[in-house]
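Containing compact mmCIF, C-alpha atoms and all ligand atoms: coords-v8.txt.
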```
# COMPACT_ATOMS: atom_id res chain seq x y z
CA MET A 1 97.84 95.37 134.71
CA ASP A 2 98.23 98.41 136.94
CA ASN A 3 97.45 101.36 134.73
CA HIS A 4 99.67 103.95 136.50
CA GLY A 5 98.05 106.78 134.48
CA GLN A 6 97.71 108.96 137.57
CA ASP A 7 101.25 108.22 138.76
CA MET A 8 102.76 109.07 135.38
CA TYR A 9 100.81 112.32 135.09
CA ARG A 10 101.76 113.36 138.62
CA LEU A 11 105.40 112.66 137.83
CA ALA A 12 105.21 114.73 134.62
CA LYS A 13 103.80 117.62 136.67
CA ARG A 14 106.68 117.37 139.12
CA LEU A 15 109.36 117.24 136.40
CA PHE A 16 107.76 119.89 134.19
CA PRO A 17 109.37 123.04 135.71
CA ILE A 18 112.94 121.70 135.49
CA CYS A 19 115.05 123.23 132.72
CA ARG A 20 116.65 120.26 130.99
CA SER A 21 119.11 120.31 128.14
CA ILE A 22 121.52 117.78 126.62
CA THR A 23 123.83 118.33 129.62
CA GLY A 24 123.69 120.06 132.99
CA ASP A 25 121.99 120.01 136.35
CA GLY A 26 118.47 119.80 134.90
CA VAL A 27 119.34 116.34 133.57
CA ARG A 28 120.84 115.32 136.92
CA ASP A 29 117.80 116.58 138.87
CA THR A 30 115.48 114.74 136.48
CA LEU A 31 117.41 111.46 136.82
CA SER A 32 117.46 111.79 140.58
CA ILE A 33 113.64 112.11 140.70
CA LEU A 34 113.18 109.18 138.28
CA GLY A 35 115.54 107.17 140.49
CA GLU A 36 113.10 107.50 143.39
CA ILE A 37 110.70 105.23 141.48
CA VAL A 38 113.23 102.64 140.26
CA PRO A 39 116.88 103.02 141.29
CA LEU A 40 119.03 103.93 138.33
CA LYS A 41 122.74 104.24 137.81
CA THR A 42 123.97 107.55 136.42
CA TYR A 43 127.03 107.99 134.23
CA GLU A 44 129.02 111.17 133.56
CA VAL A 45 130.90 111.28 130.25
CA PRO A 46 133.46 114.13 130.22
CA THR A 47 133.36 117.04 127.78
CA GLY A 48 135.68 116.36 124.85
CA THR A 49 135.16 112.59 124.81
CA PRO A 50 135.07 111.43 121.17
CA VAL A 51 131.90 109.47 120.45
CA PHE A 52 131.76 108.05 116.91
CA ASP A 53 131.84 111.09 114.59
CA TRP A 54 130.95 113.51 117.42
CA THR A 55 132.50 114.97 120.56
CA VAL A 56 130.76 115.35 123.93
CA PRO A 57 130.11 119.12 124.14
CA GLN A 58 130.65 121.52 126.98
CA GLU A 59 128.17 121.39 129.82
CA TRP A 60 125.53 124.13 129.94
CA ASN A 61 123.77 125.48 133.00
CA ILE A 62 121.49 128.46 133.35
CA ARG A 63 120.38 130.37 136.42
CA GLY A 64 118.12 132.95 134.77
CA GLY A 65 117.67 135.63 132.14
CA PHE A 66 115.40 138.49 131.17
CA ILE A 67 114.68 141.41 128.85
CA GLU A 68 113.75 144.80 130.30
CA ASP A 69 112.38 147.67 128.20
CA GLU A 70 113.34 151.34 128.32
CA ASN A 71 111.19 151.79 131.45
CA SER A 72 112.94 148.88 133.20
CA LYS A 73 109.75 146.89 132.79
CA ARG A 74 110.46 143.20 132.49
CA ILE A 75 108.96 141.91 129.26
CA LEU A 76 110.48 138.43 129.26
CA ASP A 77 111.80 136.30 132.09
CA PHE A 78 113.32 132.81 132.10
CA ALA A 79 111.52 132.27 135.41
CA TRP A 80 108.16 132.66 133.66
CA ASN A 81 108.94 130.06 131.02
CA ASN A 82 112.23 128.26 130.49
CA LEU A 83 111.64 128.09 126.72
CA SER A 84 112.27 131.88 126.70
CA ILE A 85 116.04 131.45 126.38
CA VAL A 86 117.60 129.56 123.45
CA GLY A 87 119.10 126.32 124.77
CA TYR A 88 122.90 126.52 125.15
CA SER A 89 122.84 130.35 125.00
CA GLU A 90 126.14 131.90 126.03
CA PRO A 91 125.99 134.51 128.81
CA VAL A 92 125.18 138.13 127.99
CA ASP A 93 124.51 141.37 129.93
CA GLN A 94 124.09 144.32 127.56
CA ILE A 95 122.03 147.34 126.66
CA VAL A 96 120.97 146.87 123.04
CA SER A 97 118.92 148.73 120.45
CA ARG A 98 115.63 147.36 119.12
CA GLU A 99 117.34 146.35 115.85
CA GLU A 100 120.08 144.46 117.64
CA LEU A 101 117.60 142.73 119.94
CA LEU A 102 115.48 141.61 116.99
CA GLU A 103 118.47 139.70 115.59
CA HIS A 104 118.38 137.54 118.71
CA ILE A 105 114.61 136.99 118.92
CA TYR A 106 112.93 133.78 117.76
CA SER A 107 109.16 133.60 117.34
CA GLU A 108 106.72 131.63 115.23
CA PRO A 109 104.53 133.79 112.97
CA ALA A 110 102.20 130.90 112.16
CA GLN A 111 101.48 130.35 115.87
CA PRO A 112 101.34 133.89 117.33
CA ASP A 113 100.56 132.69 120.90
CA ALA A 114 103.29 130.05 121.13
CA ILE A 115 106.85 130.39 122.40
CA PRO A 116 108.99 128.21 120.10
CA TYR A 117 111.61 125.78 121.46
CA VAL A 118 115.00 126.68 119.98
CA THR A 119 118.48 125.34 120.74
CA SER A 120 122.00 126.00 119.50
CA TYR A 121 124.14 123.20 120.89
CA TYR A 122 126.97 123.29 118.40
CA LYS A 123 127.29 126.97 117.46
CA ARG A 124 127.91 129.55 120.16
CA ARG A 125 125.25 132.24 120.21
CA TYR A 126 122.57 133.62 122.47
CA GLY A 127 118.90 134.16 121.85
CA PHE A 128 115.46 134.77 123.29
CA CYS A 129 112.22 133.04 122.34
CA MET A 130 108.87 134.79 122.60
CA THR A 131 105.44 134.69 121.05
CA GLU A 132 104.90 136.49 117.76
CA ASN A 133 102.44 138.76 119.57
CA GLN A 134 105.11 139.74 122.14
CA ARG A 135 107.55 140.41 119.36
CA ASN A 136 105.08 142.68 117.57
CA ALA A 137 104.45 144.58 120.82
CA LEU A 138 108.13 145.40 121.44
CA GLY A 139 108.71 149.10 122.09
CA ASN A 140 111.50 151.27 120.72
CA GLY A 141 114.11 150.36 123.31
CA PRO A 142 116.86 150.43 124.25
CA PHE A 143 116.59 147.10 126.08
CA HIS A 144 118.56 145.56 128.90
CA ILE A 145 119.21 141.92 128.08
CA VAL A 146 120.66 139.41 130.53
CA ILE A 147 121.37 135.69 130.25
CA ASP A 148 122.99 134.25 133.35
CA SER A 149 124.32 131.00 131.92
CA GLU A 150 127.55 129.06 131.99
CA LEU A 151 129.31 126.88 129.41
CA LYS A 152 132.18 124.90 130.87
CA ASP A 153 134.04 121.63 130.57
CA GLY A 154 131.86 119.22 132.51
CA ALA A 155 130.00 116.09 131.50
CA LEU A 156 127.12 114.54 129.63
CA THR A 157 124.90 112.71 132.12
CA TYR A 158 122.71 109.69 131.46
CA GLY A 159 120.90 107.04 133.48
CA GLU A 160 120.64 103.28 133.10
CA ILE A 161 118.67 100.46 134.71
CA ILE A 162 119.53 96.82 134.05
CA LEU A 163 116.93 94.27 135.12
CA SER A 164 118.42 90.86 134.65
CA GLY A 165 116.37 87.98 133.29
CA GLU A 166 116.84 84.25 132.79
CA SER A 167 118.49 84.93 129.44
CA GLN A 168 121.36 87.25 128.63
CA GLN A 169 119.40 88.26 125.56
CA GLU A 170 118.20 91.79 126.05
CA ILE A 171 115.31 94.09 125.34
CA LEU A 172 116.45 97.71 125.00
CA LEU A 173 114.11 100.50 126.10
CA SER A 174 115.37 104.01 125.50
CA THR A 175 114.01 107.50 126.06
CA TYR A 176 115.44 111.01 126.14
CA ILE A 177 115.54 113.55 128.94
CA CYS A 178 116.85 116.70 127.27
CA HIS A 179 113.85 118.94 126.62
CA PRO A 180 112.87 121.81 128.94
CA SER A 181 109.24 122.37 129.96
CA MET A 182 107.27 120.45 127.33
CA ALA A 183 104.93 117.56 128.03
CA ASN A 184 104.24 115.22 125.11
CA ASP A 185 107.69 115.81 123.65
CA ASN A 186 109.28 114.94 125.83
CA LEU A 187 108.31 114.37 129.49
CA SER A 188 105.79 111.68 128.55
CA GLY A 189 108.68 109.39 127.48
CA PRO A 190 110.67 109.23 130.74
CA CYS A 191 107.48 109.20 132.85
CA LEU A 192 106.15 106.20 130.95
CA LEU A 193 109.48 104.39 130.83
CA ILE A 194 110.18 104.64 134.56
CA TYR A 195 106.76 103.09 135.34
CA LEU A 196 107.34 100.43 132.69
CA ALA A 197 110.64 99.71 134.49
CA LYS A 198 108.77 99.50 137.80
CA MET A 199 106.30 96.97 136.38
CA LEU A 200 109.12 94.91 134.86
CA SER A 201 111.05 95.02 138.14
CA GLU A 202 108.00 93.58 139.92
CA LEU A 203 107.61 90.57 137.58
CA PRO A 204 108.13 87.26 139.41
CA ARG A 205 110.27 86.05 136.52
CA ARG A 206 111.71 87.68 133.43
CA ARG A 207 112.76 85.75 130.38
CA TYR A 208 114.80 88.64 128.98
CA THR A 209 117.25 91.04 130.52
CA TYR A 210 115.95 94.61 130.24
CA ARG A 211 118.30 97.48 129.49
CA ILE A 212 116.53 100.76 130.18
CA VAL A 213 118.28 104.02 129.30
CA PHE A 214 117.50 107.70 129.91
CA ILE A 215 119.77 109.79 127.70
CA PRO A 216 119.86 113.17 125.97
CA GLU A 217 118.57 112.77 122.42
CA THR A 218 121.06 112.29 119.55
CA ILE A 219 124.37 113.08 121.31
CA GLY A 220 123.26 110.83 124.20
CA SER A 221 122.31 107.84 122.07
CA ILE A 222 125.53 108.31 120.06
CA THR A 223 127.51 108.42 123.31
CA TYR A 224 125.69 105.40 124.72
CA LEU A 225 126.15 103.41 121.53
CA SER A 226 129.82 104.29 121.22
CA LYS A 227 130.37 102.77 124.67
CA ASN A 228 128.05 99.77 124.33
CA TYR A 229 127.29 98.91 120.73
CA VAL A 230 129.38 95.74 120.51
CA HIS A 231 127.53 94.28 123.49
CA LEU A 232 124.17 95.58 122.23
CA LYS A 233 124.60 94.12 118.75
CA LYS A 234 125.29 90.72 120.29
CA HIS A 235 122.50 90.67 122.89
CA VAL A 236 119.56 92.91 121.95
CA VAL A 237 116.68 90.97 120.36
CA ALA A 238 114.18 93.85 120.34
CA GLY A 239 113.95 97.44 121.49
CA PHE A 240 111.80 100.53 121.53
CA ASN A 241 112.55 104.24 121.49
CA ILE A 242 109.87 105.67 123.79
CA SER A 243 108.87 109.24 123.02
CA CYS A 244 105.70 111.32 122.60
CA VAL A 245 103.44 108.92 124.47
CA GLY A 246 101.21 111.25 126.49
CA ASP A 247 98.35 112.71 124.48
CA ASP A 248 94.96 111.23 123.60
CA ARG A 249 94.79 111.83 119.89
CA THR A 250 96.23 108.90 118.06
CA TYR A 251 98.73 106.08 118.08
CA SER A 252 101.70 106.08 115.74
CA TYR A 253 104.34 103.56 114.79
CA VAL A 254 107.78 104.49 113.43
CA ALA A 255 109.44 101.56 111.67
CA SER A 256 113.04 100.46 112.00
CA ARG A 257 115.22 100.98 108.94
CA TYR A 258 113.71 98.08 107.01
CA GLY A 259 110.65 97.63 109.25
CA ASN A 260 111.26 93.90 109.58
CA THR A 261 112.65 93.35 113.08
CA LEU A 262 111.06 91.48 115.98
CA ALA A 263 110.24 94.84 117.59
CA ASP A 264 108.40 95.96 114.44
CA LYS A 265 106.49 92.69 114.41
CA ALA A 266 105.42 93.12 118.06
CA ALA A 267 104.48 96.79 117.62
CA LYS A 268 102.39 96.26 114.49
CA ASN A 269 100.64 93.25 115.96
CA VAL A 270 99.71 94.91 119.25
CA LEU A 271 98.61 98.16 117.59
CA SER A 272 96.46 96.30 115.08
CA PHE A 273 94.24 95.16 117.98
CA HIS A 274 94.64 98.03 120.47
CA ALA A 275 94.41 100.91 117.98
CA PRO A 276 93.57 99.60 114.49
CA GLY A 277 93.47 103.13 113.03
CA TYR A 278 97.06 103.84 114.06
CA GLN A 279 99.29 105.95 111.83
CA ALA A 280 102.28 104.09 110.39
CA TYR A 281 105.48 105.98 109.51
CA SER A 282 108.42 104.52 107.66
CA PHE A 283 112.04 105.10 108.60
CA LEU A 284 112.00 107.96 106.10
CA GLN A 285 109.92 109.87 108.67
CA ARG A 286 112.31 109.12 111.55
CA GLY A 287 113.36 111.93 113.84
CA SER A 288 114.39 110.61 117.22
CA ASP A 289 117.00 108.18 118.54
CA GLU A 290 115.96 105.46 116.09
CA ARG A 291 118.21 107.49 113.76
CA GLN A 292 121.19 106.23 115.78
CA TYR A 293 119.96 102.80 116.95
CA CYS A 294 119.07 101.78 113.37
CA ALA A 295 122.02 103.45 111.60
CA PRO A 296 124.04 101.27 109.18
CA GLY A 297 126.51 99.15 111.11
CA ILE A 298 124.54 99.57 114.35
CA ASP A 299 121.27 98.09 113.03
CA LEU A 300 119.62 97.29 116.33
CA PRO A 301 116.14 95.75 116.07
CA LEU A 302 114.35 98.81 117.41
CA CYS A 303 111.26 100.81 116.46
CA ALA A 304 108.95 103.29 118.14
CA ILE A 305 105.33 103.50 119.21
CA CYS A 306 104.10 107.04 119.91
CA ARG A 307 100.80 108.77 120.51
CA SER A 308 101.02 112.03 118.47
CA LYS A 309 104.48 111.66 116.93
CA TYR A 310 107.15 114.37 117.15
CA GLY A 311 106.85 116.84 114.30
CA GLU A 312 103.28 115.79 113.51
CA TYR A 313 101.14 117.79 115.94
CA PRO A 314 100.63 121.56 116.05
CA GLU A 315 101.89 122.12 119.60
CA TYR A 316 105.17 120.25 118.90
CA HIS A 317 108.30 122.07 120.14
CA THR A 318 106.39 125.05 121.48
CA SER A 319 105.08 126.26 124.83
CA LEU A 320 101.66 124.90 123.79
CA ASP A 321 102.99 121.37 124.42
CA ASP A 322 102.18 121.78 128.11
CA LEU A 323 100.56 119.64 130.79
CA THR A 324 97.09 120.22 129.30
CA LEU A 325 98.16 118.33 126.18
CA ILE A 326 98.86 115.05 127.95
CA SER A 327 96.49 113.08 130.16
CA GLU A 328 96.33 110.14 132.53
CA ALA A 329 94.37 108.21 129.90
CA GLY A 330 96.82 109.09 127.13
CA LEU A 331 99.83 107.96 129.15
CA GLY A 332 97.95 104.93 130.51
CA GLY A 333 96.96 103.78 127.03
CA ALA A 334 100.51 103.99 125.74
CA LEU A 335 101.81 102.13 128.80
CA GLU A 336 99.29 99.36 128.10
CA VAL A 337 100.44 99.08 124.48
CA TYR A 338 104.11 98.82 125.48
CA TRP A 339 103.26 96.30 128.21
CA LYS A 340 101.40 94.12 125.71
CA CYS A 341 104.40 94.24 123.35
CA LEU A 342 106.78 93.24 126.12
CA MET A 343 104.57 90.46 127.45
CA GLY A 344 104.10 89.20 123.89
CA LEU A 345 107.88 89.11 123.50
CA GLU A 346 108.30 87.33 126.85
CA HIS A 347 105.99 84.56 125.59
CA ASN A 348 107.04 84.65 121.99
CA TYR A 349 108.13 81.18 120.91
CA CYS A 350 107.32 79.04 117.93
CA TYR A 351 104.71 76.58 119.14
CA ARG A 352 104.01 73.01 117.97
CA VAL A 353 101.11 70.71 118.73
CA THR A 354 102.36 67.41 120.19
CA CYS A 355 99.94 64.97 118.54
CA LEU A 356 98.82 64.14 115.03
CA GLY A 357 95.27 65.09 114.14
CA GLU A 358 93.20 67.33 116.38
CA PRO A 359 93.87 66.63 120.04
CA GLN A 360 90.94 65.50 122.18
CA LEU A 361 90.38 68.53 124.35
CA GLY A 362 87.55 67.01 126.40
CA LYS A 363 89.59 64.33 128.12
CA ARG A 364 92.02 67.01 129.29
CA GLY A 365 89.26 69.20 130.71
CA LEU A 366 89.84 71.81 128.00
CA TYR A 367 86.51 71.39 126.23
CA PRO A 368 83.52 72.80 128.14
CA THR A 369 80.99 70.08 128.86
CA LEU A 370 78.46 72.84 129.38
CA SER A 371 77.61 74.66 126.20
CA ARG A 372 76.96 78.31 126.89
CA LYS A 373 76.99 81.58 125.06
CA GLY A 374 80.54 82.44 124.06
CA SER A 375 82.01 79.01 124.70
CA ALA A 376 81.97 78.13 121.00
CA ASN A 377 84.16 81.15 120.32
CA GLU A 378 86.65 80.18 123.00
CA ILE A 379 86.91 76.66 121.60
CA ARG A 380 87.30 78.01 118.11
CA THR A 381 90.19 80.24 119.25
CA MET A 382 91.85 77.25 120.92
CA THR A 383 91.47 74.97 117.91
CA ASN A 384 92.59 77.77 115.58
CA PHE A 385 95.73 78.22 117.71
CA ILE A 386 96.38 74.48 117.46
CA ALA A 387 95.74 74.52 113.69
CA TYR A 388 98.65 76.91 113.19
CA ALA A 389 100.94 75.52 115.90
CA ASP A 390 103.06 73.64 113.37
CA GLY A 391 106.41 74.73 114.75
CA THR A 392 106.98 77.47 112.18
CA ASN A 393 104.75 80.24 113.55
CA ASP A 394 105.58 82.32 116.58
CA LEU A 395 102.99 83.85 118.87
CA PHE A 396 102.71 87.05 116.82
CA ASP A 397 102.31 85.07 113.57
CA ILE A 398 99.51 82.99 115.06
CA SER A 399 97.86 86.14 116.43
CA ASN A 400 98.00 87.75 112.99
CA ILE A 401 96.63 84.64 111.25
CA ILE A 402 93.74 83.88 113.62
CA HIS A 403 92.97 87.52 114.54
CA VAL A 404 93.23 87.13 118.29
CA PRO A 405 95.38 89.44 120.46
CA VAL A 406 98.55 87.97 121.95
CA ASP A 407 97.50 88.59 125.56
CA ARG A 408 94.60 86.15 124.99
CA LEU A 409 96.89 83.68 123.18
CA ILE A 410 99.34 83.69 126.08
CA GLU A 411 96.54 82.35 128.34
CA ILE A 412 95.61 79.69 125.77
CA ALA A 413 99.22 78.63 125.25
CA ASP A 414 99.59 78.16 129.01
CA LEU A 415 96.43 76.02 129.13
CA LEU A 416 97.43 73.86 126.18
CA ARG A 417 100.97 73.39 127.49
CA ALA A 418 99.63 72.41 130.91
CA GLY A 419 97.42 69.88 129.09
CA GLY A 420 100.51 68.46 127.38
CA ILE A 421 99.31 69.11 123.82
CA LEU A 422 101.48 72.11 122.95
CA GLU A 423 105.22 72.60 123.17
CA ARG A 424 107.64 75.44 122.57
CA MET A 425 110.22 74.93 119.88
CA PRO A 426 113.83 75.35 120.99
CA GLU A 427 114.98 78.94 120.48
CA ALA A 428 117.03 79.62 117.41
CA ARG A 429 119.14 82.25 119.17
CA THR A 430 120.49 81.90 122.67
CA GLY A 431 121.91 84.64 124.80
ZN ZN A 501 111.84 117.05 120.52
```

Would you write out, as structure tokens, the structure that this file holds?
Ligand code: ZN
Amino acid sequence: MDNHGQDMYRLAKRLFPICRSITGDGVRDTLSILGEIVPLKTYEVPTGTPVFDWTVPQEWNIRGGFIEDENSKRILDFAWNNLSIVGYSEPVDQIVSREELLEHIYSEPAQPDAIPYVTSYYKRRYGFCMTENQRNALGNGPFHIVIDSELKDGALTYGEIILSGESQQEILLSTYICHPSMANDNLSGPCLLIYLAKMLSELPRRRYTYRIVFIPETIGSITYLSKNYVHLKKHVVAGFNISCVGDDRTYSYVASRYGNTLADKAAKNVLSFHAPGYQAYSFLQRGSDERQYCAPGIDLPLCAICRSKYGEYPEYHTSLDDLTLISEAGLGGALEVYWKCLMGLEHNYCYRVTCLGEPQLGKRGLYPTLSRKGSANEIRTMTNFIAYADGTNDLFDISNIIHVPVDRLIEIADLLRAGGILERMPEARTG
């Protein structure tokens, strides 16, 4: 497969400076750049639209903001770092005392060099984020504080790509596009997903239809589900919430509500070979859009594979989650894992051997007449595959039983089917 590590990292670098939020022009600009790689359709859902138990909020845009001290020296500027203003801050232009300013300052004492990421989507307020060291160095004031932002009736914007397959059954791939300048959470998600979409779009044939969505987290998945959940419940056979997939440290898996869907099966199988030391989290440690996709009554078969998972690494939701935290290799590795899951799903059938007793591989050219180093292993894998191809095991089951990765089993299944000694069972579900 094409690794795309460099492409994904370059894209993350390009998208990094944009100030995204759950609504606004940062989301539109981000979708427009992603759309250069694979065309996507954007949707605008108006402010005030009821979506399940929520309402689409006002749209927020920001042009700038700063704090100046008593000598008119600028001590904080949105242009230096877009985490410096609390997301969804209402506009302000005031001279304030030190005490009053401190009520609107957010910092993180445990990480004195980090600017924390803070938002206030559903309560109107304004605020500034700075490092603990900056906060401690504040003078006596007074201070001139400015936030040049706008809250107005507008829209919530999201993007969607549908790649049709032979079946109307769907695989759902979702990521969020609502964080300002942070790399692992969350630019790694959209950068990986758009290249995954590109690879899927280039496949000569697709068994499944792929539904690929770029939405703001939480309110976006709720909005998307409220418009589409009846269709999704009928058609989606597996899905993944793609987030925090850029660093090099570890692989993580976040289970669906009961951890027993086809997506969970694919994720656990692929990770067990690609990254056996991966960290498994149950649904009790959920935190992203799986909260909506797996909610009671929605119950889509969706889980997540991450590198360092949201909430579990020190730089999470701070200015330290920058472009130095993610890497071409980190992104490339996660892309490979997702690709293996999807290709496993594309070839996932229950298989059955067509004859009684062991088939004679030699007369079909499947048994090497030349014995060489390694050939015994290959034959063993083939005969082990056949030994469990009794019509009840799917590709992931056989992989788990005989300890061989699915990408290798896909090649063997093709060989055995071409030799006429293996068949796919009819699918239980049809789209
Ligand atoms: Zn986040």

Every residue with an atom at most 12 Å from (107.9, 110.9, 105.9) (file coordinates; all atoms listed in the file) is what I'm after, so could you write them as a short mmCIF file (atom, residue, chain, number, x, y, z; two decimals) with C-alpha atoms, keeping the file's coordinate frame?
```
data_model
loop_
_atom_site.label_atom_id
_atom_site.label_comp_id
_atom_site.auth_asym_id
_atom_site.auth_seq_id
_atom_site.Cartn_x
_atom_site.Cartn_y
_atom_site.Cartn_z
CA VAL A 254 107.78 104.49 113.43
CA ALA A 255 109.44 101.56 111.67
CA GLN A 279 99.29 105.95 111.83
CA ALA A 280 102.28 104.09 110.39
CA TYR A 281 105.48 105.98 109.51
CA SER A 282 108.42 104.52 107.66
CA PHE A 283 112.04 105.10 108.60
CA LEU A 284 112.00 107.96 106.10
CA GLN A 285 109.92 109.87 108.67
CA ARG A 286 112.31 109.12 111.55
CA GLY A 287 113.36 111.93 113.84
CA LYS A 309 104.48 111.66 116.93
CA TYR A 310 107.15 114.37 117.15
CA GLY A 311 106.85 116.84 114.30
CA GLU A 312 103.28 115.79 113.51
#
```

Using all atoms listed in the file, I'd like a table of the residues in chain A that come within 8 Å of ligand ZN 501 (chain A); for each, show the closest atom pair and its distance in Å rounded to one decimal, ordered by chain and ascending number, as a Markdown table.
```
| residue | atom | partner | partner_atom | distance |
| --- | --- | --- | --- | --- |
| A:His179 | CA | A:ZN501 | ZN | 6.7 |
| A:Asp185 | CA | A:ZN501 | ZN | 5.3 |
| A:Asn186 | CA | A:ZN501 | ZN | 6.3 |
| A:Ser288 | CA | A:ZN501 | ZN | 7.7 |
| A:Tyr310 | CA | A:ZN501 | ZN | 6.4 |
| A:Gly311 | CA | A:ZN501 | ZN | 8.0 |
| A:Tyr316 | CA | A:ZN501 | ZN | 7.6 |
| A:His317 | CA | A:ZN501 | ZN | 6.2 |
```

**OP:** Would you kindly return, as number ranges by chain, each protein, DNA or RNA residue with an atom no farther than 9 Å from any atom of A:Ser226, considering only C-alpha atoms and excluding same-chain residues fewer than 4 positions away?
**Re:** A: 50-52, 221-222, 230

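Each of A:Thr392, A:Pro359, A:Glu70, A:Phe385 was checked against A:Gly419 using all atoms listed in the file; the smallest atom-to-atom distance is that of A:Pro359.
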
Do a neighbour search on A:Met182 at 7 Å with all atoms listed in the file, toss out local chain neighbours closer than 6 positions, and write the hits as a short mmCIF file (atom, residue, chain, number, x, y, z; two decimals) with C-alpha atoms, in the frame of the given file.
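For reference, around.cif as written:
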```cif
data_model
loop_
_atom_site.label_atom_id
_atom_site.label_comp_id
_atom_site.auth_asym_id
_atom_site.auth_seq_id
_atom_site.Cartn_x
_atom_site.Cartn_y
_atom_site.Cartn_z
CA PHE A 16 107.76 119.89 134.19
CA SER A 319 105.08 126.26 124.83
CA ASP A 321 102.99 121.37 124.42
CA ASP A 322 102.18 121.78 128.11
#
```

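Of the listed residues (A:Leu320, A:Ile421, A:Leu300, A:Gly64), A:Ile421 comes nearest to A:Thr354; the distances count all atoms listed in the file.
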
Stretch 65-99 of chain A near stretch 148-172 of chain A within 12 Å: what's each residue's closest atom pair and its distance in Å to one decimal, counting only C-alpha atoms, ordered by chain then ascending residue number, as a tab-separated table?
```
residue	atom	partner	partner_atom	distance
A:Gly65	CA	A:Asp148	CA	5.6
A:Phe66	CA	A:Asp148	CA	9.0
A:Ile67	CA	A:Asp148	CA	11.9
A:Asp77	CA	A:Asp148	CA	11.4
A:Phe78	CA	A:Asp148	CA	9.9
A:Ala79	CA	A:Asp148	CA	11.8
A:Ile85	CA	A:Ser149	CA	10.0
A:Val86	CA	A:Ser149	CA	10.9
A:Gly87	CA	A:Ser149	CA	10.0
A:Tyr88	CA	A:Leu151	CA	7.7
A:Ser89	CA	A:Ser149	CA	7.1
A:Glu90	CA	A:Ser149	CA	6.2
A:Pro91	CA	A:Ser149	CA	5.0
A:Val92	CA	A:Asp148	CA	7.0
A:Asp93	CA	A:Asp148	CA	8.0
A:Gln94	CA	A:Asp148	CA	11.7
```

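Nearest residue to A:Lys340, choosing from A:Arg98, A:Arg352, A:Arg364, A:Arg408 and counting all atoms listed in the file: A:Arg408.
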
Original post:
Could you state the separation of atom CA of A:Lys123 and atom CA of A:Leu76 in Å, given to one decimal place?
Top reply: 23.5 Å

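For the residues A:Glu290, A:Glu336, A:Glu427, A:Glu132, ranking by smallest atom-to-atom distance to A:Asn348 using only C-alpha atoms places A:Glu427 first.
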
Subject >> A:Met8 environment, 7 Å, all atoms listed in the file, sequence neighbours closer than 5 positions dropped, as a list of chain:residue names >> reply: A:Cys191, A:Leu192, A:Leu331

**OP:** Just give me the residues with any atom within 12 Å of (116.5, 101.0, 115.4), file coordinates, counting all atoms listed in the file, written as a PyMOL selection string.
**Re:** chain A and resi 172-174+221+225+232-233+236-242+254-264+282-283+286-304

**OP:** Extract, using all atoms listed in the file, all DNA, RNA and protein residues at most 9 Å from stretch 268-271 of chain A, discarding same-chain residues fewer than 2 positions from it, and format them as a list in words.
**Re:** Tyr251, Ser252, Tyr253, Ala263, Asp264, Lys265, Ala266, Phe273, His274, Ala275, Pro276, Gly277, Tyr278, Ala280, Ile305, Val337, Tyr338, Lys340, Cys341, Gly344, Phe396, Asp397, Ser399, Asn400, Pro405 and Val406 of chain A

Original post:
For A:Arg207, which residue out of A:Ala114, A:Val245, A:Val146, A:Met343 is the nearest one, using only C-alpha atoms?
Top reply: A:Met343

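You can rank A:Ile145, A:Ile402, A:Leu325, A:Ala267 by their closest distance to A:Tyr313 using all atoms listed in the file, and at the top of that list sits A:Leu325.
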
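Atom CA of A:Pro116 to atom CA of A:Ile177 spans 18.3 Å [interatomic distance, one decimal].
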
Axis-aligned box over every listed atom of stretch 135-150 of chain A, padded by 4 Å per side: centre and edges in Å to one decimal, as lines of an AutoDock Vina configuration file?
```
center_x = 116.0
center_y = 140.2
center_z = 125.5
size_x = 31.1
size_y = 30.2
size_z = 23.8
```

Hey, what's within 10 Å of A:Ser327 if we count all atoms listed in the file and toss same-chain stuff fewer than 5 positions away? As a PDB file with C-alpha atoms, in the coordinates of the input, please?
```pdb
ATOM      1  CA  GLY A   5      98.050 106.780 134.480  1.00  0.00           C
ATOM      2  CA  GLN A   6      97.710 108.960 137.570  1.00  0.00           C
ATOM      3  CA  MET A   8     102.760 109.070 135.380  1.00  0.00           C
ATOM      4  CA  TYR A   9     100.810 112.320 135.090  1.00  0.00           C
ATOM      5  CA  ARG A  10     101.760 113.360 138.620  1.00  0.00           C
ATOM      6  CA  ALA A  12     105.210 114.730 134.620  1.00  0.00           C
ATOM      7  CA  ALA A 183     104.930 117.560 128.030  1.00  0.00           C
ATOM      8  CA  ASN A 184     104.240 115.220 125.110  1.00  0.00           C
ATOM      9  CA  SER A 188     105.790 111.680 128.550  1.00  0.00           C
ATOM     10  CA  VAL A 245     103.440 108.920 124.470  1.00  0.00           C
ATOM     11  CA  GLY A 246     101.210 111.250 126.490  1.00  0.00           C
ATOM     12  CA  ASP A 247      98.350 112.710 124.480  1.00  0.00           C
ATOM     13  CA  ASP A 248      94.960 111.230 123.600  1.00  0.00           C
ATOM     14  CA  GLY A 332      97.950 104.930 130.510  1.00  0.00           C
ATOM     15  CA  GLY A 333      96.960 103.780 127.030  1.00  0.00           C
TER      16      GLY A 333
END
```

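One finds atom CA of A:His144 at 7.8 Å from atom CA of A:Ser72.
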